[in-house]
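Undergrad: Let me begin by handing over the structure; questions about it come next.
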Amino acid sequence: MECYHTVYTEGTGEIVEKKSRFIAEVFPVSNEEEAFAHLEEIRKKHWDARHHCWAYVIGRNPAAERMSDDGEPAGTAGKPILEVLRGKKLTDVFVVVTRYFGGTLLGTGGLVRAYTSAAAEALAHTVIITKIHGFKLKIITDYTGLGKIQYILGQRGLSVLDTVYTDKVELTVLVPDDEEGFLMKELMEGTNGQAMTEKTEQCWFAETEEGIKIFEQ
């Protein structure tokens, strides 16, 4: 199954380490321009902060990764943020951690821990989803075959987007790519070949708190 994990919503988290504040913000993004636009907004919002360290992962196979320590000792800020994203296997995500210096040096180990914790805290306040690639399938059946089709769809956990009742019943279903062969076989056998099927548009979709949502990418 072709799928990937990403964030559905923005999120913010904050930790305090020896009076230094680390404010982390996470954003779903689809390109570098979006990421840098968010960075500029944060720099304006926290204009008096000493550091705005960040990392992003964008795209797949392979993903594009970039990071910045923004004046912190090399490897103590951007890389820890990036490692949090890698650890959760996320893509199309941008995280910025703003630091207000508290007057006490944390050392390299302390900085790594702080930036790691701040990034993880922000991600804990967002919603992570799995986007699945598939297609919309139109199924047309008479009323006698409806119950069997609904049973098959339920057993496979497939979502019905729409149902239209006329002299026939027309269902629009979201199907992951790797389910196609199994589903078509079961529909054929379950309705003795009476159900008509038509693949329509391909899409990405995910289960969210509001239900199934369809995405352009």
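Ordering of the structure tokens sets the chain letters (A, B, ...); residue numbers start at 1 within each chain; ligands are numbered from 1 in the order shown.
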Just the strand (DSSP E or B) stuff from range 45-76 of chain A, please, per backbone DSSP, written as a ChimeraX atom specification.

TA: /A:51-58,64-68

Undergrad: From range 42-150 of chain A, collect each residue whose DSSP state is alpha helix (DSSP H) and return the set as a ChimeraX atom specification.

TA: /A:42-45,78-87,107-124,143-150

Undergrad: Filtering to N, CA and C atoms, could you give me those residues as a tab-separated table (two decimals), in the first residue's frame?

TA:
chain	number	residue	atom	x	y	z
A	42	ILE	N	7.28	33.57	12.05
A	42	ILE	CA	7.74	33.32	13.41
A	42	ILE	C	8.83	34.31	13.81
A	43	ARG	N	9.72	34.62	12.88
A	43	ARG	CA	10.76	35.61	13.18
A	43	ARG	C	10.16	36.97	13.50
A	44	LYS	N	9.08	37.31	12.84
A	44	LYS	CA	8.41	38.58	13.12
A	44	LYS	C	7.68	38.52	14.46
A	45	LYS	N	7.04	37.38	14.73
A	45	LYS	CA	6.29	37.24	15.97
A	45	LYS	C	7.20	37.22	17.18
A	78	GLY	N	19.21	22.09	14.91
A	78	GLY	CA	18.54	21.62	13.69
A	78	GLY	C	18.52	20.11	13.57
A	79	LYS	N	19.66	19.48	13.83
A	79	LYS	CA	19.72	18.02	13.70
A	79	LYS	C	18.82	17.30	14.69
A	80	PRO	N	18.80	17.69	15.97
A	80	PRO	CA	17.87	17.04	16.89
A	80	PRO	C	16.40	17.19	16.46
A	81	ILE	N	16.04	18.37	15.94
A	81	ILE	CA	14.67	18.56	15.45
A	81	ILE	C	14.40	17.61	14.29
A	82	LEU	N	15.35	17.54	13.36
A	82	LEU	CA	15.19	16.65	12.21
A	82	LEU	C	15.09	15.19	12.64
A	83	GLU	N	15.86	14.80	13.64
A	83	GLU	CA	15.81	13.41	14.10
A	83	GLU	C	14.46	13.06	14.70
A	84	VAL	N	13.80	14.03	15.32
A	84	VAL	CA	12.44	13.78	15.83
A	84	VAL	C	11.50	13.48	14.67
A	85	LEU	N	11.61	14.24	13.59
A	85	LEU	CA	10.76	14.01	12.41
A	85	LEU	C	11.06	12.66	11.79
A	86	ARG	N	12.35	12.34	11.68
A	86	ARG	CA	12.74	11.04	11.12
A	86	ARG	C	12.22	9.90	11.99
A	87	GLY	N	12.33	10.08	13.31
A	87	GLY	CA	11.90	9.03	14.23
A	87	GLY	C	10.42	8.71	14.11
A	107	GLY	N	25.18	23.87	27.55
A	107	GLY	CA	26.12	22.88	27.03
A	107	GLY	C	25.50	22.16	25.84
A	108	THR	N	26.35	21.48	25.09
A	108	THR	CA	25.85	20.83	23.87
A	108	THR	C	24.82	19.75	24.18
A	109	GLY	N	25.09	18.93	25.20
A	109	GLY	CA	24.13	17.88	25.55
A	109	GLY	C	22.81	18.45	26.00
A	110	GLY	N	22.85	19.51	26.79
A	110	GLY	CA	21.62	20.14	27.25
A	110	GLY	C	20.81	20.75	26.11
A	111	LEU	N	21.51	21.35	25.14
A	111	LEU	CA	20.81	21.92	23.99
A	111	LEU	C	20.15	20.84	23.15
A	112	VAL	N	20.87	19.76	22.91
A	112	VAL	CA	20.30	18.65	22.12
A	112	VAL	C	19.03	18.14	22.79
A	113	ARG	N	19.08	17.93	24.09
A	113	ARG	CA	17.91	17.43	24.81
A	113	ARG	C	16.76	18.43	24.76
A	114	ALA	N	17.08	19.71	24.90
A	114	ALA	CA	16.03	20.73	24.92
A	114	ALA	C	15.35	20.86	23.56
A	115	TYR	N	16.13	20.91	22.50
A	115	TYR	CA	15.52	21.05	21.17
A	115	TYR	C	14.75	19.78	20.78
A	116	THR	N	15.26	18.63	21.19
A	116	THR	CA	14.54	17.38	20.95
A	116	THR	C	13.20	17.38	21.68
A	117	SER	N	13.23	17.75	22.94
A	117	SER	CA	12.02	17.75	23.76
A	117	SER	C	10.99	18.76	23.26
A	118	ALA	N	11.46	19.93	22.85
A	118	ALA	CA	10.54	20.96	22.37
A	118	ALA	C	9.84	20.51	21.09
A	119	ALA	N	10.61	19.94	20.16
A	119	ALA	CA	10.02	19.46	18.91
A	119	ALA	C	8.99	18.36	19.18
A	120	ALA	N	9.34	17.44	20.06
A	120	ALA	CA	8.41	16.35	20.40
A	120	ALA	C	7.16	16.89	21.07
A	121	GLU	N	7.31	17.92	21.90
A	121	GLU	CA	6.17	18.51	22.59
A	121	GLU	C	5.21	19.15	21.59
A	122	ALA	N	5.75	19.84	20.59
A	122	ALA	CA	4.88	20.45	19.57
A	122	ALA	C	4.14	19.38	18.78
A	123	LEU	N	4.83	18.31	18.42
A	123	LEU	CA	4.18	17.23	17.66
A	123	LEU	C	3.10	16.54	18.49
A	124	ALA	N	3.28	16.54	19.80
A	124	ALA	CA	2.26	15.95	20.67
A	124	ALA	C	0.98	16.78	20.68
A	143	TYR	N	-31.26	-3.76	-5.62
A	143	TYR	CA	-31.46	-3.78	-4.17
A	143	TYR	C	-31.16	-5.13	-3.55
A	144	THR	N	-31.30	-6.20	-4.31
A	144	THR	CA	-31.05	-7.53	-3.75
A	144	THR	C	-29.57	-7.75	-3.47
A	145	GLY	N	-28.70	-7.07	-4.19
A	145	GLY	CA	-27.27	-7.24	-3.98
A	145	GLY	C	-26.66	-6.27	-2.98
A	146	LEU	N	-27.47	-5.30	-2.52
A	146	LEU	CA	-26.94	-4.23	-1.67
A	146	LEU	C	-26.38	-4.76	-0.35
A	147	GLY	N	-27.13	-5.64	0.30
A	147	GLY	CA	-26.70	-6.14	1.60
A	147	GLY	C	-25.37	-6.86	1.51
A	148	LYS	N	-25.18	-7.67	0.49
A	148	LYS	CA	-23.92	-8.39	0.32
A	148	LYS	C	-22.77	-7.43	0.07
A	149	ILE	N	-23.01	-6.42	-0.75
A	149	ILE	CA	-21.96	-5.43	-1.03
A	149	ILE	C	-21.59	-4.67	0.23
A	150	GLN	N	-22.58	-4.25	0.99
A	150	GLN	CA	-22.30	-3.54	2.24
A	150	GLN	C	-21.50	-4.41	3.21

Undergrad: Can I get the residues of range 126-174 of chain A within 8 Å of range 188-200 of chain A, each with the closest pair of atoms and their distance in Å to one decimal, using only C-alpha atoms, sorted chain first then ascending number, as a Markdown table?

TA:
| residue | atom | partner | partner_atom | distance |
| --- | --- | --- | --- | --- |
| A:Phe135 | CA | A:Thr200 | CA | 6.8 |
| A:Lys136 | CA | A:Thr200 | CA | 5.4 |
| A:Leu137 | CA | A:Lys199 | CA | 4.6 |
| A:Lys138 | CA | A:Glu198 | CA | 5.1 |
| A:Ile139 | CA | A:Thr197 | CA | 4.6 |
| A:Ile140 | CA | A:Met196 | CA | 5.0 |
| A:Thr141 | CA | A:Ala195 | CA | 4.8 |
| A:Asp142 | CA | A:Ala195 | CA | 7.6 |
| A:Gly145 | CA | A:Thr191 | CA | 5.8 |
| A:Lys148 | CA | A:Gly190 | CA | 6.4 |
| A:Ile149 | CA | A:Gly190 | CA | 7.3 |

Undergrad: Excluding range 211-214 of chain A and any residue of its chain fewer than 3 positions from it, enumerate the residues within 10 Å of it, using only C-alpha atoms, and give them as an mmCIF file with C-alpha atoms, in the first residue's frame.

TA:
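Result file follows (result_19.cif):
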data_model
loop_
_atom_site.group_PDB
_atom_site.id
_atom_site.type_symbol
_atom_site.label_atom_id
_atom_site.label_comp_id
_atom_site.auth_asym_id
_atom_site.auth_seq_id
_atom_site.Cartn_x
_atom_site.Cartn_y
_atom_site.Cartn_z
ATOM 1 C CA LYS A 131 -2.344 9.454 3.824
ATOM 2 C CA ILE A 132 -3.225 6.477 1.636
ATOM 3 C CA HIS A 133 -3.217 6.416 -2.149
ATOM 4 C CA SER A 159 -15.461 3.949 3.443
ATOM 5 C CA VAL A 160 -18.634 4.735 1.495
ATOM 6 C CA LEU A 161 -18.546 8.390 0.442
ATOM 7 C CA LEU A 174 -12.734 4.880 -1.397
ATOM 8 C CA CYS A 203 -6.660 10.429 -4.833
ATOM 9 C CA TRP A 204 -4.955 10.486 -1.444
ATOM 10 C CA PHE A 205 -7.171 10.083 1.604
ATOM 11 C CA ALA A 206 -6.866 9.753 5.368
ATOM 12 C CA GLU A 207 -8.912 9.094 8.477
ATOM 13 C CA THR A 208 -9.219 12.278 10.545
ATOM 14 C CA GLN A 217 -1.584 14.940 -2.758
#

Undergrad: For a quick check of understanding, using only C-alpha atoms, which of A:Val97, A:Glu170, A:Asp162, A:Lys89 has the smallest distance to Ala63 in chain A?

TA: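 When distances to Ala63 in chain A are compared using only C-alpha atoms, the smallest one comes from A:Lys89.
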